$ cat input-v4.csv   # CSV, C-alpha atoms
chain,number,residue,atom,x,y,z
A,30,MET,CA,21.0,-4.2,-2.1
A,31,THR,CA,19.2,-1.3,-0.3
A,32,ASN,CA,18.1,0.3,-3.6
A,33,GLN,CA,16.3,-2.8,-4.8
A,34,LEU,CA,12.5,-2.6,-5.1
A,35,LYS,CA,10.8,-4.3,-2.1
A,36,GLY,CA,7.4,-5.1,-3.5
A,37,ILE,CA,4.0,-3.5,-3.7
A,38,HIS,CA,3.6,-0.3,-1.8
A,39,HIS,CA,0.0,0.7,-2.7
A,40,VAL,CA,-2.6,0.8,-5.4
A,41,THR,CA,-4.6,3.9,-6.2
A,42,ALA,CA,-7.9,3.6,-8.0
A,43,ILE,CA,-10.9,5.8,-8.9
A,44,THR,CA,-14.3,5.5,-7.3
A,45,SER,CA,-17.7,7.0,-8.2
A,46,SER,CA,-18.4,7.7,-4.5
A,47,ALA,CA,-16.0,8.2,-1.6
A,48,GLU,CA,-18.9,7.5,0.8
A,49,GLU,CA,-20.0,4.2,-0.8
A,50,ASN,CA,-16.4,3.2,-1.2
A,51,TYR,CA,-15.8,3.8,2.5
A,52,LYS,CA,-18.8,1.7,3.4
A,53,PHE,CA,-17.6,-1.2,1.2
A,54,PHE,CA,-14.0,-1.2,2.5
A,55,THR,CA,-15.0,-0.7,6.1
A,56,TYR,CA,-18.1,-2.9,6.5
A,57,VAL,CA,-17.7,-5.5,3.8
A,58,LEU,CA,-13.9,-6.0,3.5
A,59,GLY,CA,-13.0,-4.9,7.0
A,60,MET,CA,-10.0,-2.8,6.0
A,61,ARG,CA,-9.2,0.3,8.1
A,62,LEU,CA,-9.5,3.8,6.7
A,63,VAL,CA,-6.1,5.2,8.0
A,64,LYS,CA,-6.2,8.6,6.1
A,65,LYS,CA,-8.9,10.8,4.7
A,66,THR,CA,-7.2,13.6,2.8
A,67,VAL,CA,-7.4,15.3,-0.6
A,68,ASN,CA,-5.7,14.8,-3.9
A,69,GLN,CA,-2.7,17.1,-3.6
A,70,ASP,CA,-3.0,18.0,-7.3
A,71,ASP,CA,-6.8,18.4,-7.3
A,72,ILE,CA,-7.9,19.6,-3.9
A,73,GLN,CA,-11.7,19.2,-4.6
A,74,THR,CA,-11.1,15.5,-4.8
A,75,TYR,CA,-11.0,13.2,-1.8
A,76,HIS,CA,-8.1,10.8,-1.4
A,77,THR,CA,-8.9,7.9,1.0
A,78,PHE,CA,-6.4,5.3,2.2
A,79,PHE,CA,-7.6,1.8,3.4
A,80,ALA,CA,-4.9,-0.4,4.9
A,81,ASP,CA,-4.0,-2.7,7.7
A,82,ASP,CA,-4.3,-1.8,11.4
A,83,LYS,CA,-1.4,0.8,11.3
A,84,GLY,CA,-1.3,1.8,7.7
A,85,SER,CA,1.9,-0.2,7.0
A,86,ALA,CA,3.6,0.2,3.6
A,87,GLY,CA,2.4,-2.6,1.3
A,88,THR,CA,-1.1,-2.8,2.7
A,89,ASP,CA,-3.0,0.2,1.4
A,90,MET,CA,-5.5,0.6,-1.4
A,91,THR,CA,-6.3,4.2,-2.0
A,92,PHE,CA,-9.0,6.0,-4.0
A,93,PHE,CA,-9.7,9.3,-5.7
A,94,ASP,CA,-13.3,10.4,-6.3
A,95,PHE,CA,-12.9,13.0,-9.1
A,96,PRO,CA,-16.1,15.0,-9.4
A,97,GLY,CA,-18.1,14.2,-12.5
A,98,ILE,CA,-15.8,11.5,-13.8
A,99,GLN,CA,-17.2,9.0,-16.2
A,100,LYS,CA,-17.2,5.2,-15.7
A,101,GLY,CA,-14.0,3.6,-17.0
A,102,GLN,CA,-13.9,0.7,-19.4
A,103,HIS,CA,-11.7,-2.3,-18.8
A,104,GLY,CA,-9.5,-3.6,-21.7
A,105,THR,CA,-5.9,-4.0,-22.5
A,106,ASN,CA,-3.1,-1.6,-21.4
A,107,GLU,CA,-4.3,-1.1,-17.9
A,108,ILE,CA,-3.6,-2.1,-14.3
A,109,SER,CA,-6.5,-4.5,-14.3
A,110,ARG,CA,-6.8,-6.2,-10.9
A,111,THR,CA,-5.7,-5.7,-7.3
A,112,SER,CA,-5.1,-8.6,-4.9
A,113,PHE,CA,-5.6,-8.6,-1.1
A,114,ARG,CA,-3.8,-11.1,1.1
A,115,VAL,CA,-5.6,-13.4,3.6
A,116,PRO,CA,-3.9,-15.8,5.9
A,117,THR,CA,-5.1,-19.2,4.7
A,118,ASP,CA,-7.1,-21.2,2.1
A,119,ALA,CA,-9.8,-21.6,4.8
A,120,ALA,CA,-10.1,-17.8,4.9
A,121,LEU,CA,-11.2,-17.9,1.2
A,122,VAL,CA,-14.0,-20.2,2.1
A,123,TYR,CA,-15.2,-17.7,4.7
A,124,TRP,CA,-15.0,-14.9,2.2
A,125,GLN,CA,-16.9,-16.7,-0.5
A,126,LYS,CA,-19.7,-17.4,1.9
A,127,ARG,CA,-19.6,-13.8,3.0
A,128,PHE,CA,-19.7,-12.4,-0.5
A,129,ASN,CA,-22.6,-14.7,-1.5
A,130,ARG,CA,-24.5,-13.6,1.6
A,131,LEU,CA,-23.9,-9.9,0.8
A,132,ASP,CA,-24.5,-10.2,-2.9
A,133,ILE,CA,-21.0,-9.3,-3.8
A,134,SER,CA,-20.3,-10.5,-7.4
A,135,ASN,CA,-17.5,-13.1,-7.3
A,136,ASP,CA,-16.1,-15.9,-9.5
A,137,GLY,CA,-15.6,-18.5,-6.7
A,138,ILE,CA,-12.4,-19.9,-5.5
A,139,GLN,CA,-9.9,-20.7,-8.2
A,140,GLN,CA,-6.2,-21.7,-8.7
A,141,GLN,CA,-3.7,-19.2,-10.2
A,142,PHE,CA,0.0,-20.2,-10.3
A,143,GLY,CA,-0.7,-22.9,-7.7
A,144,VAL,CA,-2.3,-20.5,-5.2
A,145,SER,CA,-5.9,-20.2,-4.2
A,146,VAL,CA,-7.6,-16.9,-5.2
A,147,LEU,CA,-11.2,-15.5,-5.1
A,148,PRO,CA,-11.9,-12.9,-7.8
A,149,PHE,CA,-14.6,-10.3,-7.1
A,150,VAL,CA,-15.8,-6.9,-8.1
A,151,ASP,CA,-17.2,-3.9,-6.2
A,152,PHE,CA,-20.2,-1.6,-7.0
A,153,ASP,CA,-18.1,0.4,-9.5
A,154,GLY,CA,-16.9,-2.7,-11.4
A,155,GLN,CA,-13.4,-2.4,-9.9
A,156,GLN,CA,-11.7,-5.7,-10.2
A,157,TYR,CA,-10.1,-7.4,-7.2
A,158,GLN,CA,-9.2,-10.8,-5.9
A,159,LEU,CA,-8.4,-12.3,-2.5
A,160,ILE,CA,-5.2,-14.5,-2.4
A,161,SER,CA,-4.3,-17.1,0.2
A,162,ASP,CA,-1.0,-16.7,2.0
A,163,GLU,CA,-1.0,-20.4,2.9
A,164,ASN,CA,2.5,-21.7,2.2
A,165,ASN,CA,3.6,-18.2,1.1
A,166,THR,CA,7.1,-17.1,1.7
A,167,GLY,CA,8.9,-13.8,1.0
A,168,ILE,CA,7.9,-10.3,2.1
A,169,GLU,CA,5.7,-10.2,5.2
A,170,SER,CA,2.2,-8.9,5.2
A,171,GLY,CA,0.6,-6.5,7.7
A,172,THR,CA,-1.6,-6.8,10.7
A,173,PRO,CA,-5.4,-6.9,10.2
A,174,TRP,CA,-7.6,-4.2,11.6
A,175,GLN,CA,-8.0,-5.3,15.2
A,176,LYS,CA,-11.3,-3.6,15.9
A,177,GLY,CA,-12.9,-4.3,12.5
A,178,PRO,CA,-15.8,-6.6,11.8
A,179,ILE,CA,-13.8,-9.5,10.3
A,180,PRO,CA,-12.5,-12.3,12.5
A,181,LEU,CA,-8.7,-11.9,12.6
A,182,GLU,CA,-8.0,-15.4,11.4
A,183,PHE,CA,-9.8,-14.5,8.1
A,184,ALA,CA,-9.1,-10.8,7.8
A,185,ILE,CA,-7.2,-9.0,5.0
A,186,THR,CA,-3.6,-8.3,6.0
A,187,GLY,CA,-2.2,-6.4,2.9
A,188,LEU,CA,-1.8,-6.2,-0.8
A,189,GLY,CA,-0.9,-9.2,-3.0
A,190,PRO,CA,0.0,-9.5,-6.7
A,191,VAL,CA,-1.2,-6.7,-9.0
A,192,GLU,CA,-2.4,-7.6,-12.5
A,193,VAL,CA,-1.4,-5.6,-15.5
A,194,THR,CA,-3.1,-6.4,-18.9
A,195,ILE,CA,-0.9,-5.3,-21.8
A,196,ALA,CA,-0.9,-5.5,-25.6
A,197,GLU,CA,2.9,-5.3,-26.2
A,198,PHE,CA,4.1,-8.0,-23.8
A,199,LYS,CA,7.7,-8.1,-25.0
A,200,ASN,CA,8.3,-4.4,-24.3
A,201,PHE,CA,6.6,-4.6,-20.9
A,202,LYS,CA,8.6,-7.7,-20.0
A,203,ALA,CA,11.8,-5.8,-20.8
A,204,VAL,CA,10.7,-2.9,-18.6
A,205,LEU,CA,10.0,-5.3,-15.6
A,206,GLU,CA,13.2,-7.3,-16.0
A,207,GLN,CA,15.8,-4.8,-17.3
A,208,ALA,CA,14.6,-1.6,-15.8
A,209,LEU,CA,12.9,-2.7,-12.6
A,210,GLN,CA,14.8,-6.0,-11.9
A,211,PHE,CA,11.8,-8.2,-11.6
A,212,LYS,CA,12.2,-11.9,-12.6
A,213,GLU,CA,9.7,-14.0,-14.5
A,214,ILE,CA,8.9,-17.1,-12.4
A,215,ALA,CA,5.9,-18.8,-14.0
A,216,GLN,CA,3.6,-18.8,-17.0
A,217,GLU,CA,0.0,-20.1,-17.5
A,218,GLY,CA,-1.2,-19.6,-21.1
A,219,ASN,CA,-1.0,-15.9,-21.9
A,220,THR,CA,-0.5,-14.9,-18.2
A,221,TYR,CA,2.9,-14.5,-16.7
A,222,LEU,CA,4.1,-14.1,-13.1
A,223,PHE,CA,7.0,-11.8,-12.1
A,224,GLU,CA,8.5,-11.0,-8.7
A,225,VAL,CA,11.1,-8.8,-7.2
A,226,GLY,CA,13.2,-8.6,-4.0
A,227,THR,CA,12.5,-11.3,-1.5
A,228,GLY,CA,9.4,-12.3,-3.5
A,229,GLY,CA,6.2,-13.8,-2.3
A,230,ASN,CA,2.6,-12.5,-2.7
A,231,GLY,CA,3.5,-9.0,-1.6
A,232,ALA,CA,6.2,-8.6,-4.3
A,233,ARG,CA,4.6,-9.9,-7.5
A,234,ILE,CA,3.1,-8.6,-10.6
A,235,ILE,CA,0.8,-10.7,-12.9
A,236,VAL,CA,1.0,-9.8,-16.5
A,237,LYS,CA,-1.8,-10.8,-18.9
A,238,HIS,CA,-0.9,-10.5,-22.6
A,239,ASP,CA,-3.9,-9.3,-24.5
A,240,GLU,CA,-3.6,-8.0,-28.1
A,241,GLN,CA,-7.3,-8.5,-28.9
A,242,SER,CA,-9.2,-6.2,-26.5
A,243,THR,CA,-9.7,-2.5,-27.1
A,244,PRO,CA,-7.5,-0.3,-24.9
A,245,ALA,CA,-9.0,0.5,-21.5
A,246,THR,CA,-10.3,4.0,-20.7
A,247,GLN,CA,-9.7,5.4,-17.3
A,248,GLY,CA,-12.6,6.4,-15.1
A,249,PHE,CA,-14.3,5.2,-12.0
A,250,GLY,CA,-14.0,1.5,-11.6
A,251,THR,CA,-10.4,1.4,-12.9
A,252,VAL,CA,-6.9,1.8,-11.4
A,253,HIS,CA,-5.0,5.0,-11.5
A,254,HIS,CA,-1.5,3.8,-10.7
A,255,LEU,CA,0.5,1.1,-8.9
A,256,ALA,CA,3.2,2.1,-6.4
A,257,LEU,CA,6.3,0.0,-5.7
A,258,ARG,CA,8.2,0.1,-2.4
A,259,VAL,CA,11.6,1.6,-1.9
A,260,GLU,CA,13.3,1.7,1.5
A,261,ASP,CA,14.0,5.4,1.9
A,262,ARG,CA,15.0,8.7,0.2
A,263,GLN,CA,18.4,7.4,-0.8
A,264,ALA,CA,16.8,4.5,-2.6
A,265,LEU,CA,14.3,6.8,-4.2
A,266,ASP,CA,17.0,9.1,-5.5
A,267,HIS,CA,18.6,6.0,-7.1
A,268,TRP,CA,15.4,5.3,-9.0
A,269,ILE,CA,14.9,8.9,-10.0
A,270,ALA,CA,18.3,8.8,-11.6
A,271,ARG,CA,17.9,5.3,-13.0
A,272,MET,CA,14.5,5.9,-14.7
A,273,SER,CA,15.7,9.2,-16.2
A,274,GLU,CA,18.9,7.6,-17.5
A,275,ILE,CA,16.9,4.8,-19.2
A,276,GLY,CA,14.7,7.4,-20.9
A,277,PHE,CA,11.4,7.2,-19.1
A,278,HIS,CA,9.3,10.3,-18.8
A,279,THR,CA,9.1,10.9,-15.0
A,280,SER,CA,7.7,13.4,-12.5
A,281,GLY,CA,11.0,13.8,-10.7
A,282,TYR,CA,10.9,14.0,-6.9
A,283,VAL,CA,7.5,14.5,-5.3
A,284,ASP,CA,6.9,15.0,-1.6
A,285,ARG,CA,3.6,13.4,-0.6
A,286,PHE,CA,4.1,14.1,3.1
A,287,PHE,CA,3.0,10.5,4.1
A,288,PHE,CA,5.8,9.2,1.8
A,289,GLU,CA,8.2,10.5,-0.9
A,290,SER,CA,7.6,9.5,-4.5
A,291,LEU,CA,8.5,9.3,-8.2
A,292,TYR,CA,6.0,8.7,-11.0
A,293,ALA,CA,6.9,7.1,-14.4
A,294,ARG,CA,4.8,6.1,-17.3
A,295,VAL,CA,6.1,2.6,-18.0
A,296,ALA,CA,3.7,1.5,-20.8
A,297,HIS,CA,0.7,2.8,-22.7
A,298,GLY,CA,-2.0,3.2,-20.0
A,299,VAL,CA,0.3,2.1,-17.2
A,300,LEU,CA,1.6,4.5,-14.5
A,301,PHE,CA,4.0,3.3,-11.8
A,302,GLU,CA,5.0,5.2,-8.7
A,303,PHE,CA,8.0,4.5,-6.5
A,304,ALA,CA,7.2,5.3,-2.9
A,305,THR,CA,9.2,5.3,0.3
A,306,ASP,CA,8.1,3.1,3.2
A,307,GLY,CA,8.0,6.2,5.5
A,308,PRO,CA,7.2,8.5,7.2
A,309,GLY,CA,3.7,6.8,7.2
A,310,PHE,CA,0.3,7.8,8.4
A,311,MET,CA,0.6,8.3,12.2
A,312,GLY,CA,2.6,11.5,12.1
A,313,ASP,CA,-0.4,13.8,12.2
A,314,GLU,CA,-3.1,11.6,13.8
A,315,PRO,CA,-3.1,9.2,16.8
A,316,TYR,CA,-3.5,5.5,16.2
A,317,GLU,CA,-6.9,5.4,17.9
A,318,THR,CA,-8.6,7.8,15.5
A,319,LEU,CA,-6.7,7.3,12.2
A,320,GLY,CA,-8.8,8.5,9.2
A,321,GLU,CA,-11.5,10.2,11.3
A,322,LYS,CA,-10.8,13.8,10.4
A,323,LEU,CA,-9.8,15.5,7.2
A,324,SER,CA,-6.0,15.3,7.2
A,325,LEU,CA,-4.0,17.8,5.2
A,326,PRO,CA,-0.3,18.0,4.7
A,327,PRO,CA,1.4,21.1,6.0
A,328,PHE,CA,1.6,22.8,2.6
A,329,LEU,CA,-2.2,22.6,2.3
A,330,GLU,CA,-3.1,23.4,5.9
A,331,GLN,CA,-3.5,27.2,5.2
A,332,GLU,CA,-6.1,26.3,2.6
A,333,ARG,CA,-8.2,24.1,5.0
A,334,GLU,CA,-11.2,26.4,5.1
A,335,LYS,CA,-11.3,26.5,1.3
A,336,ILE,CA,-10.8,22.8,0.9
A,337,GLU,CA,-13.5,21.9,3.5
A,338,GLY,CA,-15.9,24.0,1.5
A,339,LEU,CA,-15.0,22.1,-1.7
A,340,VAL,CA,-15.3,18.5,-0.5
A,341,ARG,CA,-18.5,16.9,0.8
A,342,HIS,CA,-18.4,16.1,4.5
A,343,PHE,CA,-18.8,12.5,5.4
A,344,ASP,CA,-18.6,10.8,8.7
A,345,THR,CA,-15.7,8.3,9.1
A,346,VAL,CA,-15.6,8.1,12.9
A,347,ARG,CA,-15.1,4.4,14.0
A,348,SER,CA,-13.4,4.7,17.3
A,349,THR,CA,-16.8,4.9,19.0
A,350,ILE,CA,-18.2,1.9,17.2
A,351,ASN,CA,-18.0,-1.5,18.9
A,352,PHE,CA,-17.8,-3.8,15.8
A,353,GLU,CA,-19.0,-7.3,16.4
A,354,LYS,CA,-16.9,-10.0,14.6
A,355,GLU,CA,-19.0,-11.4,11.8
A,356,TYR,CA,-18.3,-15.1,11.3
A,357,GLU,CA,-20.3,-15.3,8.1

$ encode --input "input-v4.csv" --output "structure tokens"
Amino acid sequence: MTNQLKGIHHVTAITSSAEENYKFFTYVLGMRLVKKTVNQDDIQTYHTFFADDKGSAGTDMTFFDFPGIQKGQHGTNEISRTSFRVPTDAALVYWQKRFNRLDISNDGIQQQFGVSVLPFVDFDGQQYQLISDENNTGIESGTPWQKGPIPLEFAITGLGPVEVTIAEFKNFKAVLEQALQFKEIAQEGNTYLFEVGTGGNGARIIVKHDEQSTPATQGFGTVHHLALRVEDRQALDHWIARMSEIGFHTSGYVDRFFFESLYARVAHGVLFEFATDGPGFMGDEPYETLGEKLSLPPFLEQEREKIEGLVRHFDTVRSTINFEKEYE
């Protein structure tokens, strides 16, 4: 079924500082900045994309740095945690030692639905976890950043399950199963695991049922939206029609240049995007220098001088850096 959702495409979150965020993802996590652009709906705001070596669909974590935004508050009714895939359980041992050495707050290696995970937070309080791909099947992950500081056998390869915390679980379960064609495959207490398509870590959503917490408020340190993968424009058109027919309030078709999209509010506080796998990030920059210049889609290029005056310049050149692999 070519119109079926394929899994996680990207997660977009909010940071207090594009510069500090760049340092964290580059030098701590070893993910590659593949695109430095602006929010197409708010051109004074950076939009940065961290991904695998080539910016493959299903590997990118992206950030807005809205000027003057307040710190968000975690709670219920939010996309609450993003996972990054690493190759093996042994990789998690490497990462726990690394986080402890670098004073990155983490909860230690744990088991979740029979898989090893390592929850951690960044300087904004953004919630993540690393997840082991050992014995994982299903949708393939990406290729780690070849020139980055992390040894390839331990490096992040892509996005894993995304956690959503929700107050009205039955309604959200119906959205996932009936509208989006996910299947519930496991439960641990008040936490449920859903997957779509060929399944595996790259095609799963974790749903935490929480009626007690106050609703989350969006700001830096929280997630803006989760994007799900569709094959191409034909599949996207299917979802545009389907979500409208079901009765969701949607954006309609949106051309993001790097991919084509649809946005739909699927629950209180929860925004999903449907995004095509292509065209991708190498149409306007060569592989060797991805993310090193301010990249603008053609429809914003005529405003480059204005935009460059609105955003703070920060240096993201890495092609001239010889990163040593850090084994701890």

$ residues_near_point --input "input-v4.csv" --point "(11.1, 15.9, -6.6)" --cutoff "10 Å" --atoms "all atoms listed in the file" --output "ChimeraX atom specification"
/A:265-266,269,279-285,289-292

$ residues_around --input "input-v4.csv" --residues "segment 30-39 of chain A" --least-positions-apart "4" --cutoff "9 Å" --atoms "all atoms listed in the file" --output "ChimeraX atom specification"
/A:85-91,168,188-191,209-211,224-234,254-261,263-265,267-268,302-306

$ write_last_selection --input "input-v4.csv" --atoms "C-alpha atoms" --output "compact mmCIF listing (two decimals), keeping the file's coordinate frame"
# COMPACT_ATOMS: atom_id res chain seq x y z
CA SER A 85 1.90 -0.20 7.00
CA ALA A 86 3.60 0.20 3.60
CA GLY A 87 2.40 -2.60 1.30
CA THR A 88 -1.10 -2.80 2.70
CA ASP A 89 -3.00 0.20 1.40
CA MET A 90 -5.50 0.60 -1.40
CA THR A 91 -6.30 4.20 -2.00
CA ILE A 168 7.90 -10.30 2.10
CA LEU A 188 -1.80 -6.20 -0.80
CA GLY A 189 -0.90 -9.20 -3.00
CA PRO A 190 0.00 -9.50 -6.70
CA VAL A 191 -1.20 -6.70 -9.00
CA LEU A 209 12.90 -2.70 -12.60
CA GLN A 210 14.80 -6.00 -11.90
CA PHE A 211 11.80 -8.20 -11.60
CA GLU A 224 8.50 -11.00 -8.70
CA VAL A 225 11.10 -8.80 -7.20
CA GLY A 226 13.20 -8.60 -4.00
CA THR A 227 12.50 -11.30 -1.50
CA GLY A 228 9.40 -12.30 -3.50
CA GLY A 229 6.20 -13.80 -2.30
CA ASN A 230 2.60 -12.50 -2.70
CA GLY A 231 3.50 -9.00 -1.60
CA ALA A 232 6.20 -8.60 -4.30
CA ARG A 233 4.60 -9.90 -7.50
CA ILE A 234 3.10 -8.60 -10.60
CA HIS A 254 -1.50 3.80 -10.70
CA LEU A 255 0.50 1.10 -8.90
CA ALA A 256 3.20 2.10 -6.40
CA LEU A 257 6.30 0.00 -5.70
CA ARG A 258 8.20 0.10 -2.40
CA VAL A 259 11.60 1.60 -1.90
CA GLU A 260 13.30 1.70 1.50
CA ASP A 261 14.00 5.40 1.90
CA GLN A 263 18.40 7.40 -0.80
CA ALA A 264 16.80 4.50 -2.60
CA LEU A 265 14.30 6.80 -4.20
CA HIS A 267 18.60 6.00 -7.10
CA TRP A 268 15.40 5.30 -9.00
CA GLU A 302 5.00 5.20 -8.70
CA PHE A 303 8.00 4.50 -6.50
CA ALA A 304 7.20 5.30 -2.90
CA THR A 305 9.20 5.30 0.30
CA ASP A 306 8.10 3.10 3.20

$ atom_distance --input "input-v4.csv" --atom1 "atom CA of Val63 of chain A" --atom2 "atom CA of Thr318 of chain A"
8.3 Å

$ atom_distance --input "input-v4.csv" --atom1 "atom CA of Ile43 of chain A" --atom2 "atom CA of Gln139 of chain A"
26.5 Å

$ residues_near_point --input "input-v4.csv" --point "(-20.2, -10.3, 17.8)" --cutoff "10 Å" --atoms "only C-alpha atoms" --output "ChimeraX atom specification"
/A:178-180,351-356

$ closest_residue --input "input-v4.csv" --among "A:Ala42, A:Val67, A:Thr345, A:Glu357" --to "Ser324 of chain A" --atoms "all atoms listed in the file"
A:Val67

$ atom_distance --input "input-v4.csv" --atom1 "atom CA of Glu337 of chain A" --atom2 "atom CA of Thr77 of chain A"
14.9 Å

$ closest_residue --input "input-v4.csv" --among "A:Arg110, A:Leu58, A:Ile336, A:Gly177" --to "Phe128 of chain A" --atoms "only C-alpha atoms"
A:Leu58

$ closest_residue --input "input-v4.csv" --among "A:Phe249, A:Asp118, A:Glu317, A:Pro173" --to "Ile98 of chain A" --atoms "all atoms listed in the file"
A:Phe249

$ closest_residue --input "input-v4.csv" --among "A:Glu107, A:Leu121, A:Asn50, A:Pro116" --to "Thr166 of chain A" --atoms "all atoms listed in the file"
A:Pro116

$ closest_residue --input "input-v4.csv" --among "A:Val40, A:Ala80, A:Ile72, A:Leu159" --to "Phe95 of chain A" --atoms "all atoms listed in the file"
A:Ile72

$ closest_residue --input "input-v4.csv" --among "A:Val299, A:Leu222, A:Val193, A:Leu329" --to "Phe286 of chain A" --atoms "all atoms listed in the file"
A:Leu329

$ residues_around --input "input-v4.csv" --residues "Gly298 of chain A" --least-positions-apart "5" --cutoff "12 Å" --atoms "all atoms listed in the file" --output "list in words"
His103, Gly104, Thr105, Asn106, Glu107, Ile108, Ser109, Val193, Thr194, Ile195, Ala196, Glu197, Phe201, Thr243, Pro244, Ala245, Thr246, Gln247, Thr251, Val252, His253, His254, Leu255 and Ala293 of chain A

$ write_last_selection --input "input-v4.csv" --atoms "C-alpha atoms" --output "CSV table (one decimal), in the coordinates of the input"
chain,number,residue,atom,x,y,z
A,103,HIS,CA,-11.7,-2.3,-18.8
A,104,GLY,CA,-9.5,-3.6,-21.7
A,105,THR,CA,-5.9,-4.0,-22.5
A,106,ASN,CA,-3.1,-1.6,-21.4
A,107,GLU,CA,-4.3,-1.1,-17.9
A,108,ILE,CA,-3.6,-2.1,-14.3
A,109,SER,CA,-6.5,-4.5,-14.3
A,193,VAL,CA,-1.4,-5.6,-15.5
A,194,THR,CA,-3.1,-6.4,-18.9
A,195,ILE,CA,-0.9,-5.3,-21.8
A,196,ALA,CA,-0.9,-5.5,-25.6
A,197,GLU,CA,2.9,-5.3,-26.2
A,201,PHE,CA,6.6,-4.6,-20.9
A,243,THR,CA,-9.7,-2.5,-27.1
A,244,PRO,CA,-7.5,-0.3,-24.9
A,245,ALA,CA,-9.0,0.5,-21.5
A,246,THR,CA,-10.3,4.0,-20.7
A,247,GLN,CA,-9.7,5.4,-17.3
A,251,THR,CA,-10.4,1.4,-12.9
A,252,VAL,CA,-6.9,1.8,-11.4
A,253,HIS,CA,-5.0,5.0,-11.5
A,254,HIS,CA,-1.5,3.8,-10.7
A,255,LEU,CA,0.5,1.1,-8.9
A,293,ALA,CA,6.9,7.1,-14.4

$ residues_around --input "input-v4.csv" --residues "Ile133 of chain A" --least-positions-apart "6" --cutoff "8 Å" --atoms "all atoms listed in the file" --output "ChimeraX atom specification"
/A:149-151

$ residues_around --input "input-v4.csv" --residues "Gln125 of chain A" --least-positions-apart "2" --cutoff "8 Å" --atoms "only C-alpha atoms" --output "PDB file with C-alpha atoms, in the coordinates of the input"
ATOM      1  CA  LEU A 121     -11.200 -17.900   1.200  1.00  0.00           C
ATOM      2  CA  VAL A 122     -14.000 -20.200   2.100  1.00  0.00           C
ATOM      3  CA  TYR A 123     -15.200 -17.700   4.700  1.00  0.00           C
ATOM      4  CA  ARG A 127     -19.600 -13.800   3.000  1.00  0.00           C
ATOM      5  CA  PHE A 128     -19.700 -12.400  -0.500  1.00  0.00           C
ATOM      6  CA  ASN A 129     -22.600 -14.700  -1.500  1.00  0.00           C
ATOM      7  CA  ASN A 135     -17.500 -13.100  -7.300  1.00  0.00           C
ATOM      8  CA  GLY A 137     -15.600 -18.500  -6.700  1.00  0.00           C
ATOM      9  CA  ILE A 138     -12.400 -19.900  -5.500  1.00  0.00           C
ATOM     10  CA  LEU A 147     -11.200 -15.500  -5.100  1.00  0.00           C
TER      11      LEU A 147
END

$ decode --input "input-v4.csv" --residues "segment 166-178 of chain A" --atoms "N, CA and C atoms" --output "PDB file, in the first residue's frame"
ATOM      1  N   THR A 166      13.912  -5.028  14.084  1.00  0.00           N
ATOM      2  CA  THR A 166      13.563  -5.283  12.689  1.00  0.00           C
ATOM      3  C   THR A 166      12.656  -4.152  12.224  1.00  0.00           C
ATOM      4  N   GLY A 167      12.304  -4.156  10.950  1.00  0.00           N
ATOM      5  CA  GLY A 167      11.413  -3.120  10.450  1.00  0.00           C
ATOM      6  C   GLY A 167      12.171  -2.077   9.658  1.00  0.00           C
ATOM      7  N   ILE A 168      11.660  -0.860   9.676  1.00  0.00           N
ATOM      8  CA  ILE A 168      12.192   0.194   8.823  1.00  0.00           C
ATOM      9  C   ILE A 168      13.653   0.468   9.167  1.00  0.00           C
ATOM     10  N   GLU A 169      14.478   0.567   8.131  1.00  0.00           N
ATOM     11  CA  GLU A 169      15.911   0.755   8.334  1.00  0.00           C
ATOM     12  C   GLU A 169      16.209   2.154   8.853  1.00  0.00           C
ATOM     13  N   SER A 170      17.334   2.266   9.546  1.00  0.00           N
ATOM     14  CA  SER A 170      17.780   3.567  10.011  1.00  0.00           C
ATOM     15  C   SER A 170      18.722   4.176   8.984  1.00  0.00           C
ATOM     16  N   GLY A 171      19.311   5.320   9.332  1.00  0.00           N
ATOM     17  CA  GLY A 171      20.199   6.004   8.412  1.00  0.00           C
ATOM     18  C   GLY A 171      21.655   5.624   8.619  1.00  0.00           C
ATOM     19  N   THR A 172      22.529   6.487   8.120  1.00  0.00           N
ATOM     20  CA  THR A 172      23.979   6.295   8.186  1.00  0.00           C
ATOM     21  C   THR A 172      24.564   7.375   9.084  1.00  0.00           C
ATOM     22  N   PRO A 173      25.348   7.011  10.099  1.00  0.00           N
ATOM     23  CA  PRO A 173      25.861   8.046  11.001  1.00  0.00           C
ATOM     24  C   PRO A 173      26.768   9.040  10.280  1.00  0.00           C
ATOM     25  N   TRP A 174      26.896  10.216  10.867  1.00  0.00           N
ATOM     26  CA  TRP A 174      27.770  11.255  10.330  1.00  0.00           C
ATOM     27  C   TRP A 174      29.205  10.732  10.305  1.00  0.00           C
ATOM     28  N   GLN A 175      29.719  10.558   9.097  1.00  0.00           N
ATOM     29  CA  GLN A 175      31.012   9.889   8.933  1.00  0.00           C
ATOM     30  C   GLN A 175      32.172  10.679   9.532  1.00  0.00           C
ATOM     31  N   LYS A 176      32.140  11.999   9.395  1.00  0.00           N
ATOM     32  CA  LYS A 176      33.258  12.830   9.854  1.00  0.00           C
ATOM     33  C   LYS A 176      33.100  13.312  11.293  1.00  0.00           C
ATOM     34  N   GLY A 177      31.983  12.972  11.932  1.00  0.00           N
ATOM     35  CA  GLY A 177      31.702  13.498  13.262  1.00  0.00           C
ATOM     36  C   GLY A 177      32.574  12.905  14.351  1.00  0.00           C
ATOM     37  N   PRO A 178      32.398  13.380  15.596  1.00  0.00           N
ATOM     38  CA  PRO A 178      33.270  12.972  16.700  1.00  0.00           C
ATOM     39  C   PRO A 178      32.943  11.619  17.320  1.00  0.00           C
TER      40      PRO A 178
END
